[in-house]
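A.B. asks: Quick one: the structure is below, and I'll ask about it shortly.
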Amino acid sequence: MGSAPSPNDLPPRYDPSGLEGPLYERWVDNGLFHVAAADADRPYVIVIPPPNVTAVLHMGHGLNNTLQDVLVRRRRMQGYDTLWVPGTDHAGIATQNVVERQIGEEGSTRFDLGREAFVDRVWTWVREYGDRIIGQLRDIGCSCDWERTRFTLDDGLSGAVREVFVRLYEKDLVYRGRYIINWCTRCATALSNEEAEHRDHNGKLYRIRYRLADGGDIEVATTRPETMLGDTALAVHPDDERYRDIVGRTAELPLVGRALPIVADEYVDPEFGSGVVKVTPAHDPNDFELGGRHDLEALDVMTDAGAMNDAVPEPYRGLDRFEARKRVVQDLKTGGYLIAVEDHAHSVGRCYRCDTIVEPRLSLQWFVRMAPLAEPALAAYERGDLRFHPARYGKTYQNWMENIRDWCISRQLWWGHRIPVWYCGAPDCGDVIVARDDPADCPRCGGDVEQDADVLDTWFSSWLWPFSTLGWPDETEDLDAFYPTDTLVTAPEILFFWVARMVMAGCEFMGEIPFTDVLLNGTVRDHHGRRMSKSLGNGIDPLEVVDAYGADAMRFTLVRGSPLGTDLQLNNEDLEEAFRPGRNFANKMWNAARFALPHVRAAPDGAPISDELADRWILSRLARVTTEIDDAFEGFRLHEVAETCHAFVWGDFCDWYLELSKRRLGTPDDPAEAAGRTLTLAMDGWLRLLHPIMPFITEAIAERLPGREADASLVTGPWPSAREAWIDAEAEAAIDALREFVAAVRALRSEYGVAPGTKVTVRLRDASEALTRALDAERESLAALAGIADVRPLADAPSEAGAHAVLRGGGELFVPLADVIDLDRERGRIESEAERVGRLLSRTKGKLDNPGFVANAPEEVVEREQAKVVSLEEQGARLEEKLRSLTSG
RNA sequence: GGGCGAAUAGCUCAGUCGGUUCAGAGCGCCUGCCUUACAAGCAGGAGGUCGGGGGUUCGAAUCCCUCUUCGCCCACCA
């Protein structure tokens, strides 16, 4: 790992860009992120949600992958055999779209290229973006095992996909059939239910008159008038008195003239509109089912591209569906069929990849029968084996599982896994062959076979990810060692697409759920609260942030800013502001290290370290903080981990410990070099606690601490354990008292504008034991902390003019300020303080006077309130006394 | 039409079991400091009726009901 850097060679300026790259390469070169299956006694495993190869990563990925890395890094430090499996997703329809767009700009289409050449083009794209994505993950600091990088379309995973299809087919859980599916007319493919996003749409409701064959007419309403060209019946509710006598008669389809039977069906809601429904079995799922019950013809009236086909008469033939709609409405109007057009807000499905309005359409597709797969996946949740964080997502999962619908898995695309099905071309055979290996000819008749032209839904490979990446269907060592995985971190919008289906696949093919804890991270939004997206142009490129402020600063900002399940708003127009918390913190640590490193001394394990109050205090605080951080980790409250580290490093270590250590470091006051050794212990502790979140800067500092093995790295731990022996209530009480004392003097100095260089003598009366102890120990620090030249006892009535303060922890202090004191101001100050204490006192007394409180509240709460009264009364009395003396004097 | 989440300081957000001098942090703002690690800093401040209303309780930012606003998910009502 190269020679150990000398202790104090940190450059004066924190420059993450020069620091992070080399450290990352060293970690990878030393194999720190790799774990062999044979060594995995105590595994901890996460599989990455494979990013789509459609584009480079955005800040949402930055957040998602940082959270995974934080979890993974802590487990690795704890000694788990930690594996984070990386990889990318071929993202079938999405990737095909971006490449189609790319060739579109060159003026051609995928059909000009042909299937093979087009797929080659996509592979070119994939190689470029796949590499860039992996590069981004490395720049963020992700500690993935790169030797196990997978792609959903690589050979191994393709084999898994084929095996799964065949197995499901053999169990009759995959079937082919004609049903209504969501058809994207632009992508010219079927979509699953999940891939059609329903959004409100301000449409129209058209009320149309249909004539009855034997006289009279009847009103029908529709939002899609062009589909009437495919009507094959009308329907009413069987109990609807109004229409009882027309059931069984026929109506005439306007513009076409086709005779439509009138049927009665429970599906029709008599309350809606006229109570009569036009039935278009080929273009509406309900109509399709209704048609099945009444043996109606299903007439598909559109082409794949969404134009009216030859089943409709001229002049509609060949018109786009929306053109046809206009023409139909116009003709209805002309023909006197149109009763009214009303505004009608309703929900319309759109393609999740191109936003085109999907057409419900009868189509021959492949489906997965989901109910049997959902059963164990649901049971795992209900047993409590599968947990969601935040827990409320469990209900969403449960609800989806309970209302599961079959999954349309065939896509009329070129980019993806080919469906492993062949059809015999022999007219008298027509056998369907579903096979693990490509058949040369028809096994039944020896005739020529042709493979199904379609590919599988991209999620049909993703749902296998937790085990296909480990080598399944082969019984590999990896699979044995690392399945099931532990934690999944992903975004809530793919709960159904991916998470739920992975659980089903895990149960079905591995007999075990694929992970136990599912963490749902929030969405990254811009400062207007809008979701970041390419089309809005409001995204933030993680690399830009890493280049400018460092991966550590970005990671810290993200982790601290987003508790699980809550969205994160970032100012995309001012990156410096957005990432300032992380950047400032990293800079602070850097400068603290620059100060401390020249003074650190080796601290052998187990030796008693120091009797100094400050030393005992910082180690006690470190022990407590370690426990807090462990608790937060166990509850996946990573934002709390970040916050606690920040408060400790900045608020305790830098603001107080370093300041208190200054008088001793490198001086005869520290003969045994206790301060130098304590520095080492304290820094070693917080550097480790912070390493999962800010791996680079912590490693850079830690490797300069003394007493380390030459090739030691924080990456491999150990994770600090909270040392009970370091807990020191006495030292904590003393330093707390000192902090209050110093703060009080500073406040008085500031209040009266005492010049920074002016030293004051503070007089003190009735100081608490803790404060007395602290002042004895830290008298030498007082000048630097608060410009205090000396602390002397306070006589009962100070003869000089000055400012008073009463300490909560006990005691009263006086700062002689004859030159600057303003008695009115002092009186006002004391008055308002006395008022504040008085308010608190009466509130607290009120509680204690309430018999209900004393009777019902826990004893310790009551005792606390009683102690509070004593303290407040004491403070109040001192303040009143002071006020009297100021008034009389 | 159902279900869920959010509303706390100017901004972005914490606040676990209802109870600690509990109303907090960061950023921004004001005042004073280039104090020999750090001006990306230090010290001291200002700033909030915890969205409105009602309830439970000795006690509510926290639990219940309700209303308002915003956001998300699910749903075949033509």
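Each chain in the structure tokens gets a letter, A, B, ..., in the order shown, and its residues are numbered from 1; ligands are numbered from 1 in order too.
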At a cut-off of 7 Å, list the chain B residues touching chain A, using only C-alpha atoms (C1' of nucleotides), as a short mmCIF file (atom, residue, chain, number, x, y, z; two decimals) with N, CA, C and O atoms (P, O5', C5', C4', C3', O3' and C1' of nucleotides), in the first residue's frame.

C.D. replies:
```cif
data_model
loop_
_atom_site.label_atom_id
_atom_site.label_comp_id
_atom_site.auth_asym_id
_atom_site.auth_seq_id
_atom_site.Cartn_x
_atom_site.Cartn_y
_atom_site.Cartn_z
P U B 12 -38.37 25.68 1.86
"O5'" U B 12 -37.18 24.71 2.30
"C5'" U B 12 -36.22 24.28 1.35
"C4'" U B 12 -35.28 23.30 1.98
"C3'" U B 12 -35.94 22.19 2.80
"O3'" U B 12 -36.43 21.15 1.98
"C1'" U B 12 -34.13 23.09 4.02
P G B 19 -42.45 13.10 25.72
"O5'" G B 19 -42.55 13.77 27.15
"C5'" G B 19 -43.07 15.09 27.29
"C4'" G B 19 -42.70 15.65 28.63
"C3'" G B 19 -41.30 15.29 29.10
"O3'" G B 19 -40.79 16.38 29.82
"C1'" G B 19 -42.88 14.54 30.68
P G B 26 -26.07 24.74 14.14
"O5'" G B 26 -26.17 24.49 12.57
"C5'" G B 26 -25.39 23.48 11.95
"C4'" G B 26 -25.77 23.37 10.49
"C3'" G B 26 -25.75 24.68 9.72
"O3'" G B 26 -24.44 25.00 9.26
"C1'" G B 26 -27.79 23.57 9.30
P A B 37 -3.34 27.50 15.77
"O5'" A B 37 -4.00 26.53 14.68
"C5'" A B 37 -3.25 26.03 13.58
"C4'" A B 37 -4.19 25.46 12.56
"C3'" A B 37 -5.27 26.43 12.08
"O3'" A B 37 -4.80 27.23 11.03
"C1'" A B 37 -6.26 24.37 12.71
P C B 38 -5.41 28.69 10.81
"O5'" C B 38 -6.85 28.41 10.19
"C5'" C B 38 -6.99 27.83 8.89
"C4'" C B 38 -8.39 27.34 8.70
"C3'" C B 38 -9.48 28.40 8.84
"O3'" C B 38 -9.64 29.11 7.64
"C1'" C B 38 -10.10 26.44 10.03
P A B 40 -14.45 31.93 3.61
"O5'" A B 40 -15.12 30.57 4.09
"C5'" A B 40 -16.58 30.43 4.14
"C4'" A B 40 -16.88 29.11 4.80
"C3'" A B 40 -15.90 28.87 5.94
"O3'" A B 40 -16.44 28.79 7.24
"C1'" A B 40 -15.57 27.25 4.15
P G B 44 -20.86 31.86 22.18
"O5'" G B 44 -21.66 33.23 22.12
"C5'" G B 44 -21.45 34.21 23.11
"C4'" G B 44 -22.12 35.49 22.75
"C3'" G B 44 -23.62 35.37 22.45
"O3'" G B 44 -24.37 35.30 23.65
"C1'" G B 44 -22.59 36.68 20.78
P C B 58 -56.48 13.12 34.03
"O5'" C B 58 -55.46 14.31 34.25
"C5'" C B 58 -55.77 15.36 35.16
"C4'" C B 58 -54.54 16.20 35.37
"C3'" C B 58 -53.83 16.66 34.11
"O3'" C B 58 -54.42 17.82 33.58
"C1'" C B 58 -52.24 15.75 35.60
P C B 76 -58.15 -0.82 -12.82
"O5'" C B 76 -59.11 0.23 -13.49
"C5'" C B 76 -58.87 0.68 -14.81
"C4'" C B 76 -60.17 0.81 -15.54
"C3'" C B 76 -61.27 1.49 -14.74
"O3'" C B 76 -61.18 2.90 -14.85
"C1'" C B 76 -62.12 -0.50 -15.68
P A B 78 -64.90 6.66 -17.04
"O5'" A B 78 -65.40 6.79 -18.55
"C5'" A B 78 -66.70 6.45 -18.88
"C4'" A B 78 -66.69 5.25 -19.80
"C3'" A B 78 -67.00 5.59 -21.24
"O3'" A B 78 -66.33 4.66 -22.10
"C1'" A B 78 -68.74 4.27 -20.32
#
```

A.B. asks: Would you return as a ChimeraX atom specification the members of region 459-522 of chain A that DSSP assigns to alpha helix (DSSP H) on this structure's backbone?

C.D. replies: /A:459-462,465-468,477-482,501-505

A.B. asks: When you look at region 475-489 of chain A with a cut-off of 8 Å (counting only C-alpha atoms (C1' of nucleotides)), what residues show up, excluding the ones that are within fewer than 4 positions of it in the same chain? I need them as a list in words.

C.D. replies: Ala37, Ala38, Ala40, Asp41, Pro43, Tyr44, Val45, Ile46, Val47, Ile48, Pro49, Asn64, Leu67, Gln68, Leu83, Pro466, Phe467, Leu470, Gly471, Glu512, Ile513, Pro514, Phe515, Thr516, Asp517, Val518, Leu519, Leu520 and Asn521 of chain A

A.B. asks: Could you save the residues just selected, with N, CA, C and O atoms, as an mmCIF file, in the first residue's frame?

C.D. replies:
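That gives us selection20.cif:
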```
data_model
loop_
_atom_site.group_PDB
_atom_site.id
_atom_site.type_symbol
_atom_site.label_atom_id
_atom_site.label_comp_id
_atom_site.auth_asym_id
_atom_site.auth_seq_id
_atom_site.Cartn_x
_atom_site.Cartn_y
_atom_site.Cartn_z
ATOM 1 N N ALA A 37 -16.321 -16.335 -1.935
ATOM 2 C CA ALA A 37 -17.402 -17.142 -1.364
ATOM 3 C C ALA A 37 -16.884 -18.092 -0.299
ATOM 4 O O ALA A 37 -17.517 -18.303 0.731
ATOM 5 N N ALA A 38 -15.698 -18.617 -0.533
ATOM 6 C CA ALA A 38 -15.161 -19.615 0.390
ATOM 7 C C ALA A 38 -14.906 -19.024 1.771
ATOM 8 O O ALA A 38 -14.919 -19.728 2.774
ATOM 9 N N ALA A 40 -16.715 -16.642 3.202
ATOM 10 C CA ALA A 40 -17.868 -15.908 3.715
ATOM 11 C C ALA A 40 -18.586 -16.655 4.830
ATOM 12 O O ALA A 40 -19.596 -17.314 4.631
ATOM 13 N N ASP A 41 -18.048 -16.523 6.045
ATOM 14 C CA ASP A 41 -18.685 -17.182 7.188
ATOM 15 C C ASP A 41 -19.850 -16.370 7.712
ATOM 16 O O ASP A 41 -20.824 -16.893 8.234
ATOM 17 N N PRO A 43 -21.835 -13.475 6.190
ATOM 18 C CA PRO A 43 -22.028 -12.575 5.050
ATOM 19 C C PRO A 43 -22.980 -11.422 5.347
ATOM 20 O O PRO A 43 -23.879 -11.523 6.174
ATOM 21 N N TYR A 44 -22.730 -10.337 4.688
ATOM 22 C CA TYR A 44 -23.692 -9.242 4.605
ATOM 23 C C TYR A 44 -23.725 -8.823 3.137
ATOM 24 O O TYR A 44 -22.680 -8.503 2.559
ATOM 25 N N VAL A 45 -24.901 -8.869 2.548
ATOM 26 C CA VAL A 45 -24.984 -8.706 1.096
ATOM 27 C C VAL A 45 -26.051 -7.691 0.703
ATOM 28 O O VAL A 45 -27.160 -7.685 1.251
ATOM 29 N N ILE A 46 -25.682 -6.861 -0.218
ATOM 30 C CA ILE A 46 -26.643 -5.961 -0.867
ATOM 31 C C ILE A 46 -26.452 -6.113 -2.373
ATOM 32 O O ILE A 46 -25.322 -6.174 -2.844
ATOM 33 N N VAL A 47 -27.559 -6.192 -3.104
ATOM 34 C CA VAL A 47 -27.445 -6.081 -4.557
ATOM 35 C C VAL A 47 -27.901 -4.683 -4.956
ATOM 36 O O VAL A 47 -28.882 -4.156 -4.425
ATOM 37 N N ILE A 48 -27.176 -4.101 -5.847
ATOM 38 C CA ILE A 48 -27.486 -2.741 -6.294
ATOM 39 C C ILE A 48 -28.778 -2.774 -7.119
ATOM 40 O O ILE A 48 -29.022 -3.745 -7.833
ATOM 41 N N PRO A 49 -29.627 -1.784 -6.985
ATOM 42 C CA PRO A 49 -30.685 -1.634 -7.991
ATOM 43 C C PRO A 49 -29.985 -1.228 -9.291
ATOM 44 O O PRO A 49 -29.441 -0.127 -9.370
ATOM 45 N N ASN A 64 -29.280 7.152 -3.552
ATOM 46 C CA ASN A 64 -29.543 5.722 -3.384
ATOM 47 C C ASN A 64 -28.255 4.929 -3.158
ATOM 48 O O ASN A 64 -28.171 4.097 -2.248
ATOM 49 N N LEU A 67 -26.438 5.680 0.238
ATOM 50 C CA LEU A 67 -27.044 4.982 1.377
ATOM 51 C C LEU A 67 -26.596 3.526 1.422
ATOM 52 O O LEU A 67 -26.259 2.995 2.489
ATOM 53 N N GLN A 68 -26.574 2.882 0.260
ATOM 54 C CA GLN A 68 -26.119 1.493 0.239
ATOM 55 C C GLN A 68 -24.675 1.400 0.696
ATOM 56 O O GLN A 68 -24.293 0.510 1.468
ATOM 57 N N LEU A 83 -20.537 -8.107 0.792
ATOM 58 C CA LEU A 83 -20.568 -8.108 -0.665
ATOM 59 C C LEU A 83 -21.631 -7.142 -1.153
ATOM 60 O O LEU A 83 -22.797 -7.233 -0.770
ATOM 61 N N PRO A 466 -31.393 -10.740 -7.542
ATOM 62 C CA PRO A 466 -30.675 -11.152 -6.319
ATOM 63 C C PRO A 466 -30.046 -12.540 -6.413
ATOM 64 O O PRO A 466 -29.145 -12.846 -5.654
ATOM 65 N N PHE A 467 -30.527 -13.387 -7.329
ATOM 66 C CA PHE A 467 -29.867 -14.691 -7.431
ATOM 67 C C PHE A 467 -29.238 -14.930 -8.806
ATOM 68 O O PHE A 467 -28.244 -15.629 -8.911
ATOM 69 N N LEU A 470 -25.711 -14.060 -8.839
ATOM 70 C CA LEU A 470 -24.821 -14.952 -8.077
ATOM 71 C C LEU A 470 -24.635 -16.289 -8.787
ATOM 72 O O LEU A 470 -24.063 -17.217 -8.222
ATOM 73 N N GLY A 471 -25.127 -16.375 -10.021
ATOM 74 C CA GLY A 471 -24.813 -17.548 -10.821
ATOM 75 C C GLY A 471 -25.973 -18.481 -11.115
ATOM 76 O O GLY A 471 -25.848 -19.406 -11.909
ATOM 77 N N GLU A 512 -36.842 -18.961 -0.897
ATOM 78 C CA GLU A 512 -36.504 -18.071 0.220
ATOM 79 C C GLU A 512 -36.618 -16.634 -0.270
ATOM 80 O O GLU A 512 -36.182 -16.325 -1.383
ATOM 81 N N ILE A 513 -37.147 -15.746 0.573
ATOM 82 C CA ILE A 513 -37.206 -14.348 0.169
ATOM 83 C C ILE A 513 -35.788 -13.812 -0.046
ATOM 84 O O ILE A 513 -34.855 -14.233 0.629
ATOM 85 N N PRO A 514 -35.639 -12.889 -0.982
ATOM 86 C CA PRO A 514 -34.296 -12.465 -1.412
ATOM 87 C C PRO A 514 -33.608 -11.489 -0.471
ATOM 88 O O PRO A 514 -32.410 -11.263 -0.601
ATOM 89 N N PHE A 515 -34.347 -10.882 0.455
ATOM 90 C CA PHE A 515 -33.756 -9.918 1.388
ATOM 91 C C PHE A 515 -34.754 -9.750 2.526
ATOM 92 O O PHE A 515 -35.925 -10.115 2.388
ATOM 93 N N THR A 516 -34.283 -9.206 3.634
ATOM 94 C CA THR A 516 -35.181 -9.096 4.783
ATOM 95 C C THR A 516 -35.617 -7.667 5.055
ATOM 96 O O THR A 516 -36.703 -7.448 5.572
ATOM 97 N N ASP A 517 -34.775 -6.700 4.730
ATOM 98 C CA ASP A 517 -35.130 -5.313 4.995
ATOM 99 C C ASP A 517 -35.099 -4.511 3.703
ATOM 100 O O ASP A 517 -34.109 -4.541 2.975
ATOM 101 N N VAL A 518 -36.193 -3.830 3.454
ATOM 102 C CA VAL A 518 -36.286 -2.992 2.258
ATOM 103 C C VAL A 518 -36.329 -1.532 2.694
ATOM 104 O O VAL A 518 -37.250 -1.123 3.404
ATOM 105 N N LEU A 519 -35.321 -0.790 2.287
ATOM 106 C CA LEU A 519 -35.274 0.638 2.617
ATOM 107 C C LEU A 519 -35.716 1.444 1.404
ATOM 108 O O LEU A 519 -35.196 1.263 0.311
ATOM 109 N N LEU A 520 -36.672 2.324 1.619
ATOM 110 C CA LEU A 520 -37.146 3.145 0.511
ATOM 111 C C LEU A 520 -36.627 4.567 0.703
ATOM 112 O O LEU A 520 -37.019 5.249 1.655
ATOM 113 N N ASN A 521 -35.740 4.977 -0.185
ATOM 114 C CA ASN A 521 -35.236 6.345 -0.064
ATOM 115 C C ASN A 521 -36.163 7.310 -0.810
ATOM 116 O O ASN A 521 -36.909 6.925 -1.686
#
```

A.B. asks: To test your reading of the structure, identify every residue in region 554-803 of chain A that backbone DSSP assigns to strand (DSSP E), and report it as a ChimeraX atom specification.

C.D. replies: /A:568-569,760-765,788-793,802-803

A.B. asks: Do you know which residues are at most 6 Å from Ala789 (chain A) counting only C-alpha atoms (C1' of nucleotides), after dropping those on the same chain fewer than 2 positions away, and could you put them as a list in words?

C.D. replies: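 Here the answer would be Lys759, Val760, Thr761 and Ala783 of chain A.
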
A.B. asks: Between CA of Lys845 (chain A) and C1' of G59 (chain B), what is the distance in Å, rounded to a tenth?

C.D. replies: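 Atom-to-atom, CA of Lys845 (chain A) to C1' of G59 (chain B), that is 13.1 Å.
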
A.B. asks: Give me the residues within 9 Å of G18 (chain B) as a PyMOL selection string, counting only C-alpha atoms (C1' of nucleotides) and dropping any in the same chain fewer than 4 places off.

C.D. replies: chain B and resi 59-60+62-63

A.B. asks: Quick one: write out the picked residues with C-alpha atoms (C1' of nucleotides) as a PDB file, in the first residue's frame?

C.D. replies:
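Now in part_14.pdb:
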```
ATOM      1  C1'   G B  59     -49.454  17.121  31.116  1.00  0.00           C
ATOM      2  C1'   A B  60     -49.793  17.367  23.715  1.00  0.00           C
ATOM      3  C1'   U B  62     -46.077  14.275  19.867  1.00  0.00           C
ATOM      4  C1'   C B  63     -52.322  10.545  20.727  1.00  0.00           C
TER       5        C B  63
END
```
